[in-house]
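J.: File follows, query.txt with compact mmCIF, C-alpha atoms:
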```txt
# COMPACT_ATOMS: atom_id res chain seq x y z
CA MET G 251 -4.26 -18.99 26.13
CA GLU G 252 -4.88 -15.28 25.71
CA LEU G 253 -4.73 -13.59 22.32
CA LYS G 254 -5.91 -9.99 22.45
CA LEU G 255 -7.44 -9.64 19.01
CA ARG G 256 -8.59 -6.27 17.78
CA PRO G 257 -12.40 -6.01 17.55
CA ALA G 258 -13.64 -7.07 14.14
CA GLU G 259 -15.71 -3.91 13.72
CA GLU G 260 -12.56 -1.76 14.00
CA CYS G 261 -10.78 -3.55 11.16
CA LYS G 262 -11.33 -3.84 7.42
CA TYR G 263 -9.53 -7.20 7.37
CA ASP G 264 -9.59 -10.21 9.65
CA ALA G 265 -6.25 -11.33 8.24
CA VAL G 266 -3.64 -10.36 5.65
CA SER G 267 -0.50 -12.08 4.43
CA LEU G 268 2.84 -10.65 3.35
CA GLY G 269 4.85 -12.73 0.90
CA GLU G 270 5.53 -13.83 -2.64
CA ILE G 271 2.85 -15.35 -4.87
CA MET G 272 4.17 -17.35 -7.81
CA LEU G 273 2.67 -18.79 -10.94
CA ARG G 274 2.64 -22.57 -10.40
CA LEU G 275 2.96 -24.67 -13.56
CA ASP G 276 1.87 -28.26 -12.96
CA PRO G 277 2.43 -31.19 -15.39
CA GLY G 278 -0.37 -33.17 -13.73
CA GLU G 279 0.49 -36.85 -13.45
CA GLY G 280 3.61 -36.41 -15.61
CA ARG G 281 7.11 -35.03 -15.15
CA ILE G 282 8.41 -31.50 -15.58
CA ARG G 283 11.23 -32.75 -17.77
CA THR G 284 8.94 -34.43 -20.32
CA ALA G 285 5.81 -32.25 -20.15
CA ARG G 286 4.27 -30.66 -23.23
CA SER G 287 1.50 -28.88 -21.35
CA PHE G 288 1.08 -27.47 -17.85
CA ARG G 289 -1.89 -26.45 -15.76
CA ALA G 290 -1.52 -22.99 -14.23
CA TRP G 291 -2.30 -22.19 -10.60
CA GLU G 292 -1.24 -19.53 -8.11
CA GLY G 293 0.60 -20.34 -4.90
CA GLY G 294 3.01 -19.19 -2.23
CA GLY G 295 3.67 -20.14 1.39
CA GLU G 296 2.18 -17.04 2.95
CA TYR G 297 -0.61 -16.55 0.40
CA ASN G 298 -1.86 -20.14 0.69
CA VAL G 299 -2.67 -19.50 4.35
CA ILE G 300 -4.67 -16.35 3.73
CA ARG G 301 -6.56 -17.81 0.77
CA GLY G 302 -7.67 -20.73 2.93
CA LEU G 303 -8.81 -18.35 5.63
CA HIS G 304 -11.19 -16.77 3.13
CA LYS G 305 -12.16 -19.54 0.76
CA CYS G 306 -12.61 -22.28 3.36
CA PHE G 307 -13.29 -20.36 6.55
CA GLY G 308 -15.01 -17.20 5.31
CA LEU G 309 -12.76 -14.54 6.85
CA ARG G 310 -12.10 -11.13 5.28
CA THR G 311 -8.60 -11.36 3.85
CA ALA G 312 -6.12 -9.53 1.64
CA VAL G 313 -2.62 -10.04 0.27
CA ILE G 314 0.30 -7.67 0.68
CA THR G 315 2.54 -8.51 -2.27
CA ALA G 316 4.07 -7.01 -5.40
CA PHE G 317 3.92 -7.98 -9.07
CA ALA G 318 5.71 -6.80 -12.16
CA ASP G 319 3.09 -4.84 -14.09
CA ASN G 320 2.69 -7.09 -17.11
CA GLU G 321 0.34 -9.76 -18.43
CA VAL G 322 1.65 -12.47 -16.07
CA GLY G 323 1.10 -10.16 -13.11
CA ARG G 324 -2.46 -9.52 -14.26
CA LEU G 325 -3.00 -13.29 -14.59
CA MET G 326 -1.88 -13.69 -10.98
CA LYS G 327 -4.29 -10.96 -9.87
CA ASP G 328 -7.11 -12.78 -11.65
CA PHE G 329 -6.25 -16.06 -9.88
CA ILE G 330 -6.25 -14.31 -6.50
CA GLU G 331 -9.59 -12.65 -7.20
CA GLN G 332 -11.09 -16.03 -8.12
CA GLY G 333 -10.16 -17.12 -4.59
CA GLY G 334 -12.02 -14.13 -3.15
CA VAL G 335 -8.94 -12.52 -1.58
CA ASP G 336 -8.76 -8.70 -1.72
CA THR G 337 -6.11 -7.44 -4.18
CA ASP G 338 -6.23 -3.75 -3.21
CA LEU G 339 -2.93 -3.93 -1.31
CA ILE G 340 -0.87 -5.27 -4.25
CA PHE G 341 1.97 -2.99 -5.36
CA TRP G 342 2.46 -2.89 -9.12
CA LYS G 343 6.09 -2.39 -10.07
CA LYS G 344 7.08 -1.03 -13.46
CA THR G 345 9.19 -3.38 -15.53
CA ASP G 346 10.74 -3.61 -18.97
CA GLY G 347 9.88 -6.12 -21.66
CA ILE G 348 12.30 -8.86 -20.59
CA GLY G 349 12.40 -8.76 -16.80
CA ARG G 350 15.69 -6.93 -16.25
CA ILE G 351 14.10 -4.45 -13.82
CA CYS G 352 11.89 -7.02 -12.09
CA ARG G 353 9.77 -10.04 -12.90
CA ASN G 354 7.13 -12.39 -11.52
CA GLY G 355 8.10 -15.68 -9.92
CA ILE G 356 7.40 -19.09 -11.48
CA ASN G 357 7.29 -22.43 -9.71
CA PHE G 358 7.20 -25.74 -11.62
CA THR G 359 5.82 -28.49 -9.37
CA GLU G 360 5.28 -32.19 -9.99
CA ARG G 361 3.26 -34.08 -7.41
CA GLY G 362 5.13 -37.35 -7.14
CA PHE G 363 3.59 -40.79 -6.85
CA GLY G 364 4.49 -43.86 -4.81
CA ILE G 365 8.26 -44.18 -4.55
CA ARG G 366 8.76 -41.03 -6.69
CA GLY G 367 8.75 -37.98 -4.47
CA ALA G 368 7.29 -34.57 -5.32
CA VAL G 369 9.67 -32.19 -7.13
CA GLY G 370 9.74 -28.41 -7.19
CA CYS G 371 11.78 -26.23 -9.55
CA SER G 372 11.38 -22.52 -8.86
CA ASP G 373 12.47 -19.54 -10.93
CA ARG G 374 12.03 -16.58 -8.62
CA ALA G 375 15.15 -14.39 -8.52
CA ASN G 376 14.78 -10.61 -8.94
CA THR G 377 11.01 -10.65 -8.50
CA ALA G 378 8.97 -7.54 -7.77
CA ILE G 379 8.17 -8.61 -4.21
CA SER G 380 11.84 -9.34 -3.42
CA GLN G 381 12.59 -5.68 -4.19
CA ALA G 382 9.56 -4.17 -2.43
CA THR G 383 10.11 -1.70 0.40
CA PRO G 384 7.84 -0.69 3.31
CA GLU G 385 7.12 2.56 1.46
CA ASP G 386 5.68 0.58 -1.44
CA PHE G 387 2.93 -0.69 0.87
CA ASP G 388 2.47 2.03 3.54
CA PHE G 389 2.17 -0.24 6.55
CA GLU G 390 1.01 2.67 8.70
CA TYR G 391 -2.06 3.01 6.49
CA ILE G 392 -2.72 -0.74 6.28
CA PHE G 393 -2.43 -1.53 9.99
CA GLY G 394 -3.30 1.86 11.43
CA THR G 395 -6.00 3.33 9.19
CA LEU G 396 -7.59 0.28 7.56
CA GLY G 397 -7.08 -2.05 10.51
CA VAL G 398 -6.00 -5.71 10.49
CA ARG G 399 -6.70 -8.30 13.17
CA TRP G 400 -4.06 -10.85 12.08
CA LEU G 401 -0.87 -10.74 9.95
CA HIS G 402 0.67 -13.93 8.60
CA THR G 403 4.11 -14.02 7.01
CA GLY G 404 7.08 -16.34 6.95
CA GLY G 405 10.67 -17.32 6.40
CA ILE G 406 10.30 -18.09 2.70
CA TYR G 407 9.49 -14.45 2.01
CA ALA G 408 12.19 -13.27 4.42
CA ALA G 409 14.81 -15.33 2.55
CA LEU G 410 14.11 -13.85 -0.88
CA SER G 411 16.56 -10.94 -0.59
CA GLU G 412 18.26 -8.50 1.74
CA GLN G 413 15.39 -6.10 1.02
CA SER G 414 12.69 -8.62 1.90
CA CYS G 415 14.43 -9.19 5.25
CA GLU G 416 14.03 -5.49 6.01
CA THR G 417 10.46 -5.29 4.70
CA VAL G 418 9.12 -8.21 6.74
CA ILE G 419 10.64 -6.78 9.93
CA ALA G 420 9.09 -3.37 9.22
CA ALA G 421 5.69 -4.99 8.62
CA CYS G 422 5.82 -6.96 11.88
CA LYS G 423 6.88 -3.92 13.88
CA THR G 424 4.06 -1.80 12.49
CA ALA G 425 1.50 -4.56 12.94
CA LYS G 426 2.41 -4.89 16.62
CA LYS G 427 2.27 -1.11 17.04
CA TYR G 428 -1.44 -1.24 16.16
CA GLY G 429 -2.30 -4.39 18.12
CA THR G 430 -2.38 -6.85 15.20
CA ILE G 431 -1.62 -10.49 16.08
CA VAL G 432 1.35 -11.84 14.11
CA SER G 433 1.90 -15.44 13.04
CA TYR G 434 5.10 -16.56 11.34
CA ASP G 435 6.09 -19.82 9.67
CA LEU G 436 9.86 -20.28 9.94
CA ASN G 437 9.90 -22.54 6.83
CA TYR G 438 13.70 -22.75 6.69
CA ARG G 439 15.02 -23.27 3.15
CA PRO G 440 18.84 -23.45 3.16
CA SER G 441 19.02 -23.06 -0.64
CA MET G 442 17.24 -19.70 -0.42
CA TRP G 443 19.26 -18.29 2.48
CA SER G 444 22.58 -19.34 0.90
CA ALA G 445 22.58 -16.40 -1.52
CA ILE G 446 22.26 -13.75 1.21
CA GLY G 447 24.44 -15.10 4.03
CA GLY G 448 23.40 -18.64 4.82
CA ILE G 449 22.37 -19.92 8.24
CA GLU G 450 24.07 -17.00 10.01
CA LYS G 451 21.87 -14.51 8.14
CA ALA G 452 18.80 -16.71 8.70
CA ARG G 453 19.41 -16.61 12.46
CA GLU G 454 20.10 -12.88 12.52
CA VAL G 455 16.88 -12.06 10.66
CA ASN G 456 14.60 -14.63 12.29
CA LYS G 457 15.76 -13.76 15.81
CA GLU G 458 14.76 -10.16 15.15
CA ILE G 459 11.39 -11.14 13.64
CA ALA G 460 10.69 -13.52 16.55
CA LYS G 461 10.49 -10.53 18.91
CA TYR G 462 7.19 -9.52 17.28
CA VAL G 463 5.58 -12.94 16.77
CA ASP G 464 2.59 -14.20 18.78
CA VAL G 465 2.12 -17.56 17.03
CA MET G 466 5.27 -19.27 15.79
CA ILE G 467 5.05 -22.20 13.38
CA GLY G 468 7.97 -24.49 12.65
CA ASN G 469 9.48 -27.92 13.12
CA GLU G 470 12.62 -28.90 15.01
CA GLU G 471 14.91 -28.18 12.05
CA ASP G 472 13.37 -24.72 11.67
CA PHE G 473 13.88 -23.87 15.34
CA THR G 474 17.47 -25.10 15.28
CA ALA G 475 18.48 -23.41 12.02
CA CYS G 476 16.58 -20.15 12.46
CA LEU G 477 16.61 -19.56 16.22
CA GLY G 478 19.38 -21.83 17.56
CA PHE G 479 17.20 -24.05 19.79
CA GLU G 480 17.59 -27.83 19.79
CA ILE G 481 15.75 -30.82 21.23
CA GLU G 482 18.12 -32.54 23.62
CA GLY G 483 18.64 -36.22 22.97
CA ASN G 484 16.38 -36.34 19.93
CA ASP G 485 17.46 -38.75 17.22
CA SER G 486 16.84 -37.25 13.80
CA ASP G 487 16.08 -40.73 12.47
CA LEU G 488 13.18 -41.24 14.87
CA LYS G 489 9.79 -41.30 13.21
CA GLU G 490 8.11 -39.81 16.25
CA LEU G 491 9.06 -36.50 17.80
CA ASN G 492 10.33 -36.55 21.38
CA LEU G 493 7.38 -34.65 22.85
CA GLU G 494 9.01 -33.95 26.20
CA GLY G 495 12.12 -32.72 24.41
CA TYR G 496 9.96 -30.56 22.16
CA ARG G 497 8.15 -29.09 25.15
CA LYS G 498 11.47 -28.24 26.81
CA MET G 499 12.81 -26.67 23.62
CA ILE G 500 9.69 -24.54 23.18
CA SER G 501 9.70 -23.58 26.86
CA GLU G 502 13.27 -22.38 26.41
CA ALA G 503 12.24 -20.43 23.31
CA ALA G 504 9.23 -18.95 25.10
CA HIS G 505 11.49 -17.87 27.97
CA GLU G 506 13.70 -16.01 25.50
CA TYR G 507 10.68 -14.74 23.56
CA PRO G 508 7.90 -14.22 26.12
CA ASN G 509 5.74 -12.76 23.34
CA PHE G 510 5.12 -16.31 22.00
CA LYS G 511 1.56 -17.28 22.88
CA ALA G 512 1.52 -20.49 20.85
CA VAL G 513 3.98 -22.64 18.89
CA ALA G 514 2.81 -25.29 16.44
CA THR G 515 4.21 -27.85 14.02
CA THR G 516 3.02 -30.65 11.77
CA LEU G 517 4.36 -34.20 12.12
CA ARG G 518 4.56 -36.19 8.92
CA THR G 519 5.84 -39.73 8.36
CA VAL G 520 6.37 -40.23 4.64
CA LYS G 521 5.70 -43.85 3.73
CA THR G 522 5.43 -43.04 0.03
CA ALA G 523 4.76 -39.85 -1.89
CA THR G 524 1.09 -40.81 -1.86
CA VAL G 525 0.71 -42.31 1.63
CA ASN G 526 1.69 -40.33 4.74
CA ASP G 527 0.93 -40.44 8.43
CA TRP G 528 -0.11 -36.93 9.45
CA LYS G 529 -0.80 -35.11 12.71
CA ALA G 530 0.14 -31.87 14.46
CA ILE G 531 0.96 -30.46 17.87
CA CYS G 532 0.54 -27.05 19.45
CA TRP G 533 2.26 -25.65 22.53
CA ALA G 534 0.37 -23.06 24.61
CA ASP G 535 0.40 -22.19 28.33
CA ASP G 536 3.33 -24.64 28.72
CA LYS G 537 1.14 -27.55 27.60
CA ILE G 538 1.35 -29.70 24.47
CA TYR G 539 -1.87 -30.39 22.57
CA MET G 540 -1.91 -33.18 19.99
CA SER G 541 -4.32 -33.28 17.07
CA ARG G 542 -6.20 -36.30 15.88
CA GLU G 543 -3.91 -38.63 13.90
CA TYR G 544 -4.50 -39.27 10.20
CA ASN G 545 -2.52 -42.45 9.61
CA GLY G 546 -2.27 -43.85 6.11
CA LEU G 547 -3.50 -40.56 4.64
CA GLU G 548 -3.68 -40.85 0.86
CA ILE G 549 -2.09 -37.85 -0.82
CA MET G 550 -2.96 -36.38 -4.21
CA ASP G 551 -0.75 -33.27 -3.90
CA ARG G 552 1.24 -32.60 -0.76
CA VAL G 553 2.36 -29.08 -1.69
CA GLY G 554 0.59 -26.56 0.52
CA GLY G 555 -0.47 -29.07 3.19
CA GLY G 556 1.54 -27.27 5.85
CA ASP G 557 0.13 -23.92 4.76
CA SER G 558 -3.41 -25.28 5.03
CA PHE G 559 -2.52 -26.54 8.51
CA ALA G 560 -1.47 -22.99 9.40
CA SER G 561 -4.70 -21.64 7.92
CA GLY G 562 -6.86 -23.94 10.05
CA LEU G 563 -4.75 -23.22 13.13
CA VAL G 564 -5.16 -19.46 12.70
CA TYR G 565 -8.91 -19.82 12.14
CA GLY G 566 -9.24 -21.94 15.27
CA LEU G 567 -7.29 -19.44 17.36
CA ILE G 568 -9.27 -16.47 16.02
CA THR G 569 -12.68 -18.06 16.55
CA THR G 570 -12.17 -20.21 19.66
CA GLY G 571 -8.97 -19.07 21.39
CA ASP G 572 -8.49 -22.74 22.28
CA ALA G 573 -5.15 -24.29 21.27
CA GLU G 574 -6.49 -27.85 21.24
CA GLN G 575 -9.41 -26.91 18.99
CA ALA G 576 -7.11 -24.86 16.78
CA VAL G 577 -4.55 -27.62 16.21
CA ASN G 578 -7.37 -29.96 15.22
CA TYR G 579 -8.75 -27.43 12.75
CA GLY G 580 -5.26 -27.14 11.32
CA ALA G 581 -4.56 -30.86 11.02
CA ALA G 582 -7.95 -31.61 9.44
CA HIS G 583 -7.69 -28.74 6.97
CA GLY G 584 -4.14 -29.71 5.99
CA ALA G 585 -5.20 -33.34 5.49
CA LEU G 586 -8.11 -32.35 3.25
CA ALA G 587 -6.00 -29.90 1.24
CA MET G 588 -3.60 -32.69 0.27
CA THR G 589 -6.44 -34.70 -1.31
CA THR G 590 -6.88 -32.12 -4.11
CA PRO G 591 -4.44 -30.67 -6.67
CA GLY G 592 -2.77 -27.27 -6.41
CA ASP G 593 -1.18 -25.31 -3.59
CA THR G 594 -4.43 -24.09 -2.08
CA SER G 595 -7.31 -25.72 -0.25
CA MET G 596 -10.58 -26.71 -1.95
CA ALA G 597 -12.19 -27.71 1.36
CA SER G 598 -15.17 -26.12 3.11
CA VAL G 599 -15.42 -25.41 6.82
CA ASN G 600 -18.22 -27.98 7.08
CA GLU G 601 -15.93 -30.64 5.59
CA VAL G 602 -13.13 -29.69 7.98
CA GLU G 603 -15.39 -29.91 11.02
CA ALA G 604 -16.83 -33.21 9.82
CA ILE G 605 -13.30 -34.67 9.52
CA MET G 606 -12.48 -33.34 12.97
CA GLY G 607 -15.51 -35.25 14.22
CA GLY G 608 -14.41 -38.50 12.60
CA ALA G 609 -16.43 -38.45 9.38
CA GLY G 610 -15.52 -41.08 6.82
CA ALA G 611 -15.19 -41.01 3.03
CA ARG G 612 -18.54 -42.53 2.10
CA VAL G 613 -20.26 -41.09 -0.97
CA LYS G 614 -22.47 -38.10 -0.13
CA ARG G 615 -25.72 -37.99 -2.13
```
Mind turning this structure into structure tokens?

T.:
Amino acid sequence: MELKLRPAEECKYDAVSLGEIMLRLDPGEGRIRTARSFRAWEGGGEYNVIRGLHKCFGLRTAVITAFADNEVGRLMKDFIEQGGVDTDLIFWKKTDGIGRICRNGINFTERGFGIRGAVGCSDRANTAISQATPEDFDFEYIFGTLGVRWLHTGGIYAALSEQSCETVIAACKTAKKYGTIVSYDLNYRPSMWSAIGGIEKAREVNKEIAKYVDVMIGNEEDFTACLGFEIEGNDSDLKELNLEGYRKMISEAAHEYPNFKAVATTLRTVKTATVNDWKAICWADDKIYMSREYNGLEIMDRVGGGDSFASGLVYGLITTGDAEQAVNYGAAHGALAMTTPGDTSMASVNEVEAIMGGAGARVKR
């Protein structure tokens, strides 16, 4: 496959993300409904990818986001800085004392265990990033003057508001104008789109965004809901994806969107909340590449596993240009990320490559 990346020496950043970053409040092994204390983390679908690209893989990264200018916003900035991600592109939005003008998003997340699935309860309406406009960020300066090799964004951010729909499209257009590669995770959430027009709005927006995407990430449901493509003859109850049907669906999508250079998805069979089968596939050059399978993977915290897959995939594409290598980086990184708490990865590139090579879980001394 051919991805024409901008030369690293021309760009301040290897990769940036555009999206919402929330304060995650985690009751640990307990339940949200009975908790008396929570551990605080940062997290968000688009941010998790870019943090992994720096913290695990060592790339130069930054976040394009907005926070209400208050103490919670400053806490979020501190979390991001601890992860080594550049915060210079954050837009600080003035707010009042009670969040009427704008606020920062909160996400309560319990991990689940055994037969009890993970639970998320978000509180994210009227956030600063949902109101942000292209002028708040100056995309011409970011992509033109500073220079960015890769932009990652996604459908969770796009679904936040009518304004976020417009802002993500403007970002993608400007990125492509300056030769930045764009990856996009469809991440269809019907509950989020329902407030701004439902599936019809999701298709309208995502079909426009798809025109500017080089690397599209999403499962069958995402492609059907967001872009209107379906796998013929696939039974939704099947535990294994119909690979030939998937290839045909993606080929159809690539015919409509010839800008797609790669399409990838994770495949997860949930046996219990804490034991999953996990693998991934990537389409490129009209071929399907399958990652190594991680069957019986023991899960500590599944939230962010898909984002860490995307992070490894992007790293593999940037550094090798090889879809098979990239999907294996993604699957291994996602698997490792789910063995630690929080949205974001605590893995190192050496650990990822060792897992790709079949390393076991023996004690390292």

J.: For Asp264 in chain G, which residue among G:Glu506, G:Asp527, G:Asp535, G:Asp336 is the nearest when counting all atoms listed in the file?

T.: G:Asp336

J.: Could you tell me, as a list in words, which residues have any atom at most 9 Å from (3.2, -29.4, -11.3), counting only C-alpha atoms?

T.: Arg274, Leu275, Asp276, Pro277, Gly278, Glu279, Gly280, Arg281, Ile282, Phe288, Arg289, Ala290, Asn357, Phe358, Thr359, Glu360, Arg361, Ala368, Val369, Gly370 and Gly592 of chain G

J.: In Å, how far is it from CA of Ile467 in chain G to CA of Asp435 in chain G?

T.: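 It comes out at 4.5 Å.
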
J.: I'd like the contact shell of Gly295 in chain G - 9 Å cut-off, only C-alpha atoms, skipping same-chain residues fewer than 4 positions apart - returned as a PyMOL selection string.

T.: chain G and resi 269-271+299+403-404+406-407+435+437+554+556-557+593

J.: What separation in Å, quoted to one decimal, exists between CA of Ala420 in chain G and CA of Ala316 in chain G?

T.: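 Spanning CA of Ala420 in chain G to CA of Ala316 in chain G is a straight-line distance of 15.9 Å.
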
J.: Write out as a PyMOL selection string which residues come within 12 Å of Cys415 in chain G when counting all atoms listed in the file, dropping same-chain ones fewer than 3 positions away.

T.: chain G and resi 268-269+379-384+403-412+418-422+443+446-447+451-459

J.: Could you rebuild range 511-529 of chain G with N, CA and C atoms and give me the result as a JSON list (two decimals), in the frame of the given file?

T.:
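Saved as out.json:
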```json
[["chain", "number", "residue", "atom", "x", "y", "z"],
["G", 511, "LYS", "N", 2.76, -16.78, 22.21],
["G", 511, "LYS", "CA", 1.56, -17.28, 22.88],
["G", 511, "LYS", "C", 1.28, -18.74, 22.51],
["G", 512, "ALA", "N", 1.71, -19.12, 21.31],
["G", 512, "ALA", "CA", 1.52, -20.49, 20.85],
["G", 512, "ALA", "C", 2.63, -20.84, 19.87],
["G", 513, "VAL", "N", 3.00, -22.11, 19.85],
["G", 513, "VAL", "CA", 3.98, -22.64, 18.89],
["G", 513, "VAL", "C", 3.40, -23.94, 18.35],
["G", 514, "ALA", "N", 3.44, -24.11, 17.04],
["G", 514, "ALA", "CA", 2.81, -25.29, 16.44],
["G", 514, "ALA", "C", 3.68, -25.88, 15.34],
["G", 515, "THR", "N", 3.50, -27.17, 15.11],
["G", 515, "THR", "CA", 4.21, -27.85, 14.02],
["G", 515, "THR", "C", 3.39, -29.05, 13.56],
["G", 516, "THR", "N", 3.61, -29.42, 12.30],
["G", 516, "THR", "CA", 3.02, -30.65, 11.77],
["G", 516, "THR", "C", 4.03, -31.78, 11.92],
["G", 517, "LEU", "N", 3.53, -32.99, 12.03],
["G", 517, "LEU", "CA", 4.36, -34.20, 12.12],
["G", 517, "LEU", "C", 3.95, -35.12, 10.99],
["G", 518, "ARG", "N", 4.86, -35.41, 10.11],
["G", 518, "ARG", "CA", 4.56, -36.19, 8.92],
["G", 518, "ARG", "C", 5.55, -37.36, 8.82],
["G", 519, "THR", "N", 5.03, -38.56, 8.69],
["G", 519, "THR", "CA", 5.84, -39.73, 8.36],
["G", 519, "THR", "C", 5.54, -40.11, 6.92],
["G", 520, "VAL", "N", 6.56, -39.99, 6.06],
["G", 520, "VAL", "CA", 6.37, -40.23, 4.64],
["G", 520, "VAL", "C", 6.63, -41.71, 4.35],
["G", 521, "LYS", "N", 5.57, -42.44, 4.11],
["G", 521, "LYS", "CA", 5.70, -43.85, 3.73],
["G", 521, "LYS", "C", 5.96, -43.96, 2.24],
["G", 522, "THR", "N", 5.17, -43.26, 1.45],
["G", 522, "THR", "CA", 5.43, -43.04, 0.03],
["G", 522, "THR", "C", 4.98, -41.63, -0.27],
["G", 523, "ALA", "N", 5.21, -41.19, -1.51],
["G", 523, "ALA", "CA", 4.76, -39.85, -1.89],
["G", 523, "ALA", "C", 3.25, -39.72, -1.77],
["G", 524, "THR", "N", 2.55, -40.85, -1.84],
["G", 524, "THR", "CA", 1.09, -40.81, -1.86],
["G", 524, "THR", "C", 0.45, -41.40, -0.61],
["G", 525, "VAL", "N", 1.25, -41.84, 0.35],
["G", 525, "VAL", "CA", 0.71, -42.31, 1.63],
["G", 525, "VAL", "C", 1.58, -41.76, 2.75],
["G", 526, "ASN", "N", 1.00, -40.92, 3.60],
["G", 526, "ASN", "CA", 1.69, -40.33, 4.74],
["G", 526, "ASN", "C", 0.89, -40.56, 6.01],
["G", 527, "ASP", "N", 1.58, -40.62, 7.15],
["G", 527, "ASP", "CA", 0.93, -40.44, 8.43],
["G", 527, "ASP", "C", 1.03, -38.96, 8.78],
["G", 528, "TRP", "N", -0.03, -38.39, 9.32],
["G", 528, "TRP", "CA", -0.11, -36.93, 9.45],
["G", 528, "TRP", "C", -0.79, -36.57, 10.76],
["G", 529, "LYS", "N", -0.20, -35.66, 11.50],
["G", 529, "LYS", "CA", -0.80, -35.11, 12.71],
["G", 529, "LYS", "C", -0.08, -33.80, 13.03]]
```
